[in-house]
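Containing mmCIF, C-alpha atoms: my_file-v2.cif.
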data_model
#
loop_
_atom_site.label_atom_id
_atom_site.label_comp_id
_atom_site.auth_asym_id
_atom_site.auth_seq_id
_atom_site.Cartn_x
_atom_site.Cartn_y
_atom_site.Cartn_z
CA MET H 7 -12.68 33.12 6.91
CA ARG H 8 -10.37 31.90 9.65
CA MET H 9 -8.57 33.96 12.27
CA ILE H 10 -5.60 32.60 14.18
CA TYR H 11 -4.50 33.93 17.55
CA HIS H 12 -1.27 33.28 19.46
CA PHE H 13 -0.59 33.93 23.13
CA GLY H 14 2.31 36.11 24.07
CA ASN H 15 3.29 39.04 26.31
CA GLY H 16 0.26 38.42 28.50
CA GLY H 17 -2.29 38.72 25.70
CA LEU H 18 -3.48 37.45 22.36
CA SER H 19 -1.95 38.48 19.05
CA LYS H 20 -3.81 38.05 15.77
CA CYS H 21 -1.97 36.52 12.84
CA PRO H 22 -2.20 37.89 9.27
CA PRO H 23 -5.09 36.45 7.19
CA ASP H 24 -2.74 34.35 5.03
CA ALA H 25 -0.85 32.82 7.99
CA LYS H 26 -0.75 29.05 8.37
CA VAL H 27 -1.92 27.16 11.43
CA THR H 28 1.05 26.33 13.65
CA ASP H 29 1.63 24.69 17.02
CA SER H 30 1.74 28.08 18.74
CA ALA H 31 -1.89 28.82 17.80
CA VAL H 32 -4.05 28.95 20.91
CA TRP H 33 -7.33 30.03 19.28
CA ILE H 34 -8.60 29.34 15.77
CA ASP H 35 -11.81 31.20 14.94
CA LEU H 36 -13.68 29.88 11.90
CA LEU H 37 -16.26 32.33 10.56
CA ASN H 38 -18.23 31.01 7.58
CA PRO H 39 -15.22 28.81 6.71
CA THR H 40 -14.55 27.50 3.23
CA LEU H 41 -13.93 23.81 2.57
CA GLU H 42 -10.20 24.48 2.22
CA GLU H 43 -10.07 26.20 5.60
CA GLU H 44 -12.00 23.36 7.24
CA HIS H 45 -9.69 20.74 5.71
CA GLU H 46 -6.62 22.68 6.86
CA VAL H 47 -7.83 22.76 10.47
CA GLU H 48 -8.93 19.12 10.35
CA ALA H 49 -5.54 18.02 9.06
CA PHE H 50 -3.72 20.03 11.71
CA LEU H 51 -5.84 18.89 14.66
CA GLY H 52 -6.57 15.35 13.50
CA LEU H 53 -10.33 15.58 14.00
CA ASP H 54 -13.45 16.24 11.94
CA VAL H 55 -14.93 19.73 12.07
CA PRO H 56 -18.76 19.45 12.03
CA THR H 57 -20.64 20.89 9.08
CA ARG H 58 -23.22 23.64 9.32
CA ALA H 59 -26.04 21.12 9.01
CA GLU H 60 -24.56 18.95 11.78
CA ILE H 61 -24.26 21.75 14.33
CA ARG H 62 -27.92 22.64 13.78
CA GLU H 63 -29.12 19.21 14.89
CA ILE H 64 -30.87 19.28 18.24
CA GLU H 65 -29.86 15.86 19.56
CA ALA H 66 -27.59 16.14 22.59
CA SER H 67 -25.31 13.44 21.17
CA ASN H 68 -24.63 15.68 18.16
CA ARG H 69 -24.04 18.81 20.22
CA PHE H 70 -21.96 17.48 23.12
CA TYR H 71 -19.42 14.75 22.56
CA GLU H 72 -15.73 13.87 22.70
CA GLU H 73 -13.84 12.51 19.72
CA ASN H 74 -10.12 11.95 19.06
CA GLY H 75 -9.16 13.95 22.14
CA GLY H 76 -11.39 16.87 21.24
CA ALA H 77 -14.42 18.09 23.21
CA PHE H 78 -17.25 19.41 21.00
CA MET H 79 -19.88 21.76 22.44
CA THR H 80 -22.60 23.50 20.42
CA CYS H 81 -25.05 26.11 21.69
CA VAL H 82 -27.63 28.56 20.42
CA VAL H 83 -26.82 32.24 20.93
CA MET H 84 -28.58 35.52 20.21
CA HIS H 85 -26.67 38.29 18.49
CA ASN H 86 -27.23 41.80 17.14
CA ILE H 87 -29.09 42.52 20.35
CA GLU H 88 -28.99 46.27 19.66
CA ASP H 89 -31.17 45.76 16.58
CA PRO H 90 -34.98 45.88 16.84
CA VAL H 91 -35.11 42.15 16.05
CA PRO H 92 -32.07 40.22 17.42
CA LEU H 93 -31.07 37.10 15.52
CA THR H 94 -30.38 33.54 16.64
CA SER H 95 -27.57 31.28 15.42
CA THR H 96 -25.55 28.25 16.46
CA LEU H 97 -22.00 28.34 17.79
CA THR H 98 -19.61 25.41 18.26
CA PHE H 99 -16.63 25.25 20.63
CA ILE H 100 -13.95 22.60 20.11
CA LEU H 101 -11.28 22.08 22.77
CA LYS H 102 -8.25 20.06 21.68
CA ASP H 103 -5.19 19.96 23.96
CA GLN H 104 -4.54 23.63 24.86
CA ARG H 105 -6.30 25.05 21.82
CA LEU H 106 -9.78 26.36 21.18
CA ILE H 107 -11.52 26.21 17.82
CA THR H 108 -14.72 28.20 17.39
CA LEU H 109 -17.03 27.48 14.47
CA ARG H 110 -19.72 30.03 13.70
CA TYR H 111 -21.85 31.32 10.84
CA SER H 112 -22.78 34.67 12.36
CA GLU H 113 -20.93 37.60 13.88
CA PRO H 114 -21.92 38.08 17.54
CA ARG H 115 -20.28 41.15 19.03
CA SER H 116 -19.15 39.00 21.94
CA PHE H 117 -16.22 37.75 19.87
CA PRO H 118 -14.65 41.10 18.95
CA ILE H 119 -15.35 42.35 22.49
CA PHE H 120 -13.44 39.46 24.03
CA ALA H 121 -10.70 39.57 21.38
CA THR H 122 -10.11 43.25 22.10
CA ARG H 123 -9.86 42.58 25.83
CA ALA H 124 -7.52 39.64 25.31
CA GLU H 125 -5.26 41.57 22.94
CA LYS H 126 -4.91 44.27 25.62
CA GLY H 127 -4.11 41.62 28.24
CA ALA H 128 -7.27 42.47 30.20
CA ALA H 129 -8.52 38.85 30.15
CA PRO H 130 -6.70 35.57 30.86
CA CYS H 131 -6.10 33.83 27.53
CA GLN H 132 -3.11 31.54 27.97
CA SER H 133 -5.04 28.43 26.92
CA GLY H 134 -8.09 27.41 24.95
CA ALA H 135 -10.08 26.80 28.14
CA PHE H 136 -9.41 30.33 29.42
CA ILE H 137 -10.43 31.77 26.06
CA MET H 138 -13.63 29.70 25.95
CA ILE H 139 -14.81 30.72 29.40
CA GLY H 140 -13.96 34.33 28.55
CA ILE H 141 -16.14 34.20 25.43
CA LEU H 142 -18.96 32.51 27.35
CA GLU H 143 -18.83 35.18 30.05
CA VAL H 144 -19.19 37.92 27.43
CA LEU H 145 -22.06 35.99 25.82
CA VAL H 146 -23.81 35.76 29.18
CA GLN H 147 -23.32 39.49 29.78
CA ARG H 148 -24.75 40.33 26.37
CA HIS H 149 -27.75 38.08 26.95
CA ALA H 150 -28.29 39.74 30.33
CA ASP H 151 -28.26 43.14 28.59
CA LEU H 152 -30.91 41.89 26.18
CA ILE H 153 -33.16 40.57 28.94
CA GLU H 154 -32.89 43.95 30.68
CA ARG H 155 -33.88 45.70 27.47
CA ILE H 156 -36.86 43.38 27.08
CA GLN H 157 -37.91 44.05 30.67
CA ASP H 158 -37.84 47.83 30.08
CA GLU H 159 -39.90 47.40 26.91
CA VAL H 160 -42.45 45.19 28.67
CA GLU H 161 -42.78 47.81 31.40
CA LYS H 162 -43.51 50.49 28.79
CA ILE H 163 -46.08 48.24 27.14
CA ALA H 164 -47.80 47.59 30.48
CA GLN H 165 -48.10 51.33 31.11
CA GLY H 166 -49.47 51.81 27.61
CA VAL H 167 -52.10 49.12 28.13
CA PHE H 168 -53.36 50.19 31.56
CA ASN H 169 -53.01 53.98 31.26
CA LEU H 170 -55.02 54.78 28.15
CA ASN H 171 -56.43 58.32 28.25
CA THR H 172 -57.85 58.45 24.74
CA THR H 173 -61.25 58.12 23.14
CA ARG H 174 -62.81 54.71 22.75
CA ARG H 175 -61.98 54.54 19.06
CA ASP H 176 -58.36 55.55 19.64
CA ALA H 177 -58.11 53.12 22.57
CA SER H 178 -59.06 50.20 20.34
CA LYS H 179 -56.40 51.22 17.86
CA ARG H 180 -53.80 51.60 20.59
CA LEU H 181 -54.65 48.26 22.13
CA ASP H 182 -54.17 46.57 18.77
CA VAL H 183 -50.71 48.15 18.48
CA GLN H 184 -49.85 47.15 22.04
CA LEU H 185 -50.87 43.57 21.32
CA ARG H 186 -48.43 43.44 18.42
CA LYS H 187 -45.65 44.79 20.63
CA ILE H 188 -46.43 42.21 23.32
CA GLY H 189 -46.22 39.42 20.75
CA LYS H 190 -42.85 40.69 19.54
CA GLU H 191 -41.41 40.78 23.07
CA GLY H 192 -42.87 37.35 23.83
CA ASP H 193 -41.06 35.92 20.82
CA LEU H 194 -37.80 37.52 21.98
CA VAL H 195 -38.18 36.11 25.49
CA SER H 196 -38.85 32.59 24.19
CA ARG H 197 -35.76 32.71 21.97
CA MET H 198 -33.76 34.19 24.83
CA LEU H 199 -34.85 31.33 27.08
CA GLU H 200 -33.80 28.81 24.43
CA ALA H 201 -30.37 30.45 24.08
CA ALA H 202 -29.83 30.66 27.86
CA ALA H 203 -30.77 27.00 28.32
CA SER H 204 -28.39 26.05 25.51
CA ILE H 205 -25.49 28.01 27.05
CA ASP H 206 -26.31 26.42 30.41
CA ARG H 207 -25.89 22.93 28.89
CA VAL H 208 -22.56 23.98 27.36
CA LEU H 209 -21.35 25.19 30.76
CA ASN H 210 -22.36 21.89 32.38
CA PHE H 211 -20.49 19.87 29.76
CA PHE H 212 -17.52 22.26 29.92
CA HIS H 213 -17.34 21.88 33.71
CA ALA H 214 -17.48 18.09 33.50
CA THR H 215 -14.80 18.09 30.80
CA GLY H 216 -12.65 20.45 32.85
CA LYS H 217 -12.79 18.27 35.93
CA LYS H 218 -11.92 15.21 33.84
CA ARG H 219 -8.96 16.94 32.19
CA GLY H 220 -7.75 18.62 35.37
CA TYR H 221 -8.33 22.24 34.37
CA ASP H 222 -7.19 25.06 36.61
CA ASP H 223 -9.49 25.73 39.58
CA GLN H 224 -9.83 29.32 38.38
CA ILE H 225 -11.49 28.09 35.20
CA LEU H 226 -13.84 25.77 37.09
CA ASP H 227 -14.81 28.59 39.47
CA ARG H 228 -15.55 30.91 36.56
CA ILE H 229 -17.66 28.21 34.92
CA THR H 230 -19.65 27.84 38.14
CA THR H 231 -20.17 31.61 38.36
CA ALA H 232 -21.28 31.80 34.73
CA HIS H 233 -23.63 28.89 35.38
CA ARG H 234 -25.28 30.83 38.24
CA ASP H 235 -25.57 33.92 36.05
CA VAL H 236 -27.27 31.93 33.29
CA ASN H 237 -29.70 30.44 35.79
CA SER H 238 -30.56 33.98 36.92
CA ILE H 239 -31.22 34.98 33.31
CA MET H 240 -33.43 31.92 32.79
CA GLU H 241 -35.38 32.65 35.98
CA HIS H 242 -35.91 36.24 34.90
CA ALA H 243 -36.94 35.13 31.41
CA ARG H 244 -39.58 32.82 32.92
CA PHE H 245 -40.89 35.72 35.01
CA LEU H 246 -41.13 37.87 31.87
CA THR H 247 -42.91 35.03 30.09
CA ASN H 248 -45.59 35.02 32.79
CA ARG H 249 -45.79 38.82 32.72
CA ILE H 250 -46.21 38.86 28.96
CA GLY H 251 -48.89 36.17 29.18
CA PHE H 252 -50.78 38.32 31.69
CA LEU H 253 -50.48 41.37 29.41
CA VAL H 254 -51.79 39.37 26.45
CA GLU H 255 -54.84 38.26 28.43
CA ALA H 256 -55.44 41.76 29.81
CA THR H 257 -55.14 43.38 26.38
CA LEU H 258 -57.45 40.84 24.77
CA GLY H 259 -59.94 41.39 27.59
CA MET H 260 -59.85 45.15 27.11
CA ILE H 261 -60.28 44.77 23.36
CA ALA H 262 -63.27 42.48 23.98
CA THR H 263 -64.73 45.05 26.37
CA GLU H 264 -64.37 47.80 23.77
CA GLN H 265 -66.05 45.60 21.17
CA ASN H 266 -68.87 44.79 23.57
CA GLN H 267 -69.40 48.51 24.17
CA ILE H 268 -69.73 49.06 20.43
CA ILE H 269 -72.15 46.14 20.03
CA LYS H 270 -74.19 47.41 23.00
CA LEU H 271 -74.39 50.86 21.43
CA PHE H 272 -75.67 49.41 18.16
CA SER H 273 -78.22 47.31 20.02
CA VAL H 274 -79.52 50.29 21.99
CA MET H 275 -79.73 52.41 18.86
CA ALA H 276 -81.72 49.68 17.12
CA VAL H 277 -84.19 49.55 20.04
CA MET H 278 -84.48 53.34 20.11
CA LEU H 279 -85.33 53.46 16.41
CA MET H 280 -87.96 50.72 16.60
CA PRO H 281 -90.87 52.95 17.89
CA PRO H 282 -90.27 55.73 15.30
CA THR H 283 -90.06 53.08 12.60
CA LEU H 284 -93.36 51.60 13.82
CA VAL H 285 -95.06 55.00 13.67
CA ALA H 286 -93.67 55.70 10.21
CA SER H 287 -94.77 52.26 9.02
CA ILE H 288 -98.32 52.78 10.23
CA TYR H 289 -98.70 56.12 8.46
CA GLY H 290 -97.05 54.74 5.37
CA MET H 291 -99.92 52.29 4.85
CA ASN H 292 -102.24 53.03 1.90
CA PHE H 293 -105.62 52.61 3.54
CA GLU H 294 -108.57 54.65 2.37
CA PHE H 295 -109.94 55.40 5.83
CA MET H 296 -107.14 56.94 7.92
CA PRO H 297 -108.56 59.98 9.78
CA GLU H 298 -105.15 61.44 10.49
CA LEU H 299 -104.40 61.85 6.75
CA LYS H 300 -106.99 64.64 6.57
CA TRP H 301 -105.67 66.50 9.59
CA GLN H 302 -103.84 69.72 8.95
CA ILE H 303 -101.47 68.92 11.81
CA GLY H 304 -101.21 65.22 10.96
CA TYR H 305 -97.72 65.37 9.44
CA PRO H 306 -96.06 67.40 12.25
CA LEU H 307 -97.90 65.30 14.81
CA ALA H 308 -96.50 62.11 13.28
CA LEU H 309 -92.98 63.57 13.33
CA LEU H 310 -93.42 64.62 16.96
CA THR H 311 -94.68 61.14 17.85
CA MET H 312 -91.66 59.52 16.23
CA LEU H 313 -89.30 61.92 18.02
CA VAL H 314 -90.88 61.33 21.42
CA SER H 315 -90.97 57.55 20.91
CA GLY H 316 -87.22 57.63 20.15
CA ILE H 317 -86.29 59.90 23.09
CA LEU H 318 -88.19 57.93 25.74
CA PRO H 319 -86.10 54.70 25.29
CA TYR H 320 -82.93 56.80 25.40
CA ILE H 321 -83.94 58.36 28.73
CA TYR H 322 -84.88 54.96 30.09
CA PHE H 323 -81.51 53.39 29.07
CA ARG H 324 -79.59 56.32 30.59
CA ARG H 325 -81.36 55.91 33.93
CA LYS H 326 -80.59 52.19 33.88
CA GLY H 327 -76.91 52.94 33.26
CA TRP H 328 -76.78 51.07 29.98
CA LEU H 329 -75.40 54.10 28.13
#
What is this file in structure tokens?
Amino acid sequence: MRMIYHFGNGGLSKCPPDAKVTDSAVWIDLLNPTLEEEHEVEAFLGLDVPTRAEIREIEASNRFYEENGGAFMTCVVMHNIEDPVPLTSTLTFILKDQRLITLRYSEPRSFPIFATRAEKGAAPCQSGAFIMIGILEVLVQRHADLIERIQDEVEKIAQGVFNLNTTRRDASKRLDVQLRKIGKEGDLVSRMLEAAASIDRVLNFFHATGKKRGYDDQILDRITTAHRDVNSIMEHARFLTNRIGFLVEATLGMIATEQNQIIKLFSVMAVMLMPPTLVASIYGMNFEFMPELKWQIGYPLALLTMLVSGILPYIYFRRKGWL
């Protein structure tokens, strides 16, 4: 699907779906484009639109380059940030003359958010460069919202790990759940850091291209501001990475402590049962001459001996603080 936007009356106007690409188009948005749509745009602009496989390549030479008067920039972005598990996809910007072409295979909410603002005239959109920096600013804001959500979740997890007021058995179960949550947030932070670093590289290339092509100072200033915002997100993501690493180590340590308590309890119980077992083993022997077998009180005396021999180790371990 392709969407064509024209600039007029201080804002963007969206063309009908069956409209052709004309010289007045300032933004062409390609969402999961068909081969016919790609060929139409290529013929109009006189350049090759990269394929889905090409924009996924990680080499810088395949993500940032200039060709036939067009500047190609590809980045990784996170979308559906309101969902429990946000997704990651690639996004390509192509600047040719005063036009912007966006190539994407996902539907980040940043695009309809910016399009709505631009259609209302609330965002500068008179050229492709203005539209691109506007989209990037919304992307940065959305990524900042996600990092704030992750920070709140990590704070809840930390309180859950260090403020357990349950029984030992329930604590072990809770710690296992907390460990899974920590792993989930750690994965989100790592993908967020990758996306922020990718957007940062796009901004650097965009700024260099803008200076070379003599873009308006307002655009260059906005690129610089967005670059600072992305660096703040990356710095915060690194802090969260360290925090999550600490929580993983603390949780694993607490789980190990709980397991050691269980093993210690089994060991103490085994020692406590050794003397009664010894007594029972002695009187279970089939010897002919065992005086106690003829005693009327022999059986209760043996039981009492086993009970006392089991209680004495328990009292000793309690005084030592091992229980």
Quiz prompt | Selection under test: the PyMOL selection byres ((chain H and resi 158-171) around 10); residues as a PyMOL selection string | solution = chain H and resi 152-157+172-174+176-178+180-185+187-188+191-192+246+249-250+252-254+256-257+260
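Of the listed residues H:Ile87, H:Leu318, H:Leu209, H:Ala262, the one whose atoms come nearest to H:Ile141 is H:Leu209, with distances taken using all atoms listed in the file.
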Practice problem: Work out how far apart atom CA of H:Val83 and atom CA of H:Ile10 are and give it in Å to one decimal. | Solution: 22.3 Å
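Between atom CA of H:Thr94 and atom CA of H:Thr122 the interatomic distance comes to 23.1 Å.
Computed from the coordinates, the atom CA of H:Gly290 to atom CA of H:Met278 distance equals 19.4 Å.
In terms of minimum interatomic distance to H:Glu63, H:Cys81 ranks closest within H:Arg115, H:Gly140, H:Cys81, H:Leu310, counting only C-alpha atoms.
If you count only C-alpha atoms and ignore residues fewer than 6 places along the chain from stretch 42-54 of chain H, what sits within 9 Å of it is Met7, Arg8, Lys26, Val27, Thr28, Asp29, Ile34, Leu36, Glu73, Asn74, Gly75, Gly76, Lys102 and Ile107 of chain H.
Closest approach to H:Ser116 from the set H:Phe99, H:Val208, H:Gln147, H:Ile288 is made by H:Gln147, with distances taken over all atoms listed in the file.
The closest residue to H:Gln224, picked from H:Leu106, H:Ala286, H:Met84, H:Ile139 and counting only C-alpha atoms, is H:Ile139.
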Exercise. Considering all atoms listed in the file, state which residue in the set H:Glu113, H:Glu65, H:Asp222, H:Glu72 is at the smallest distance from H:Ala135.
Key: H:Asp222
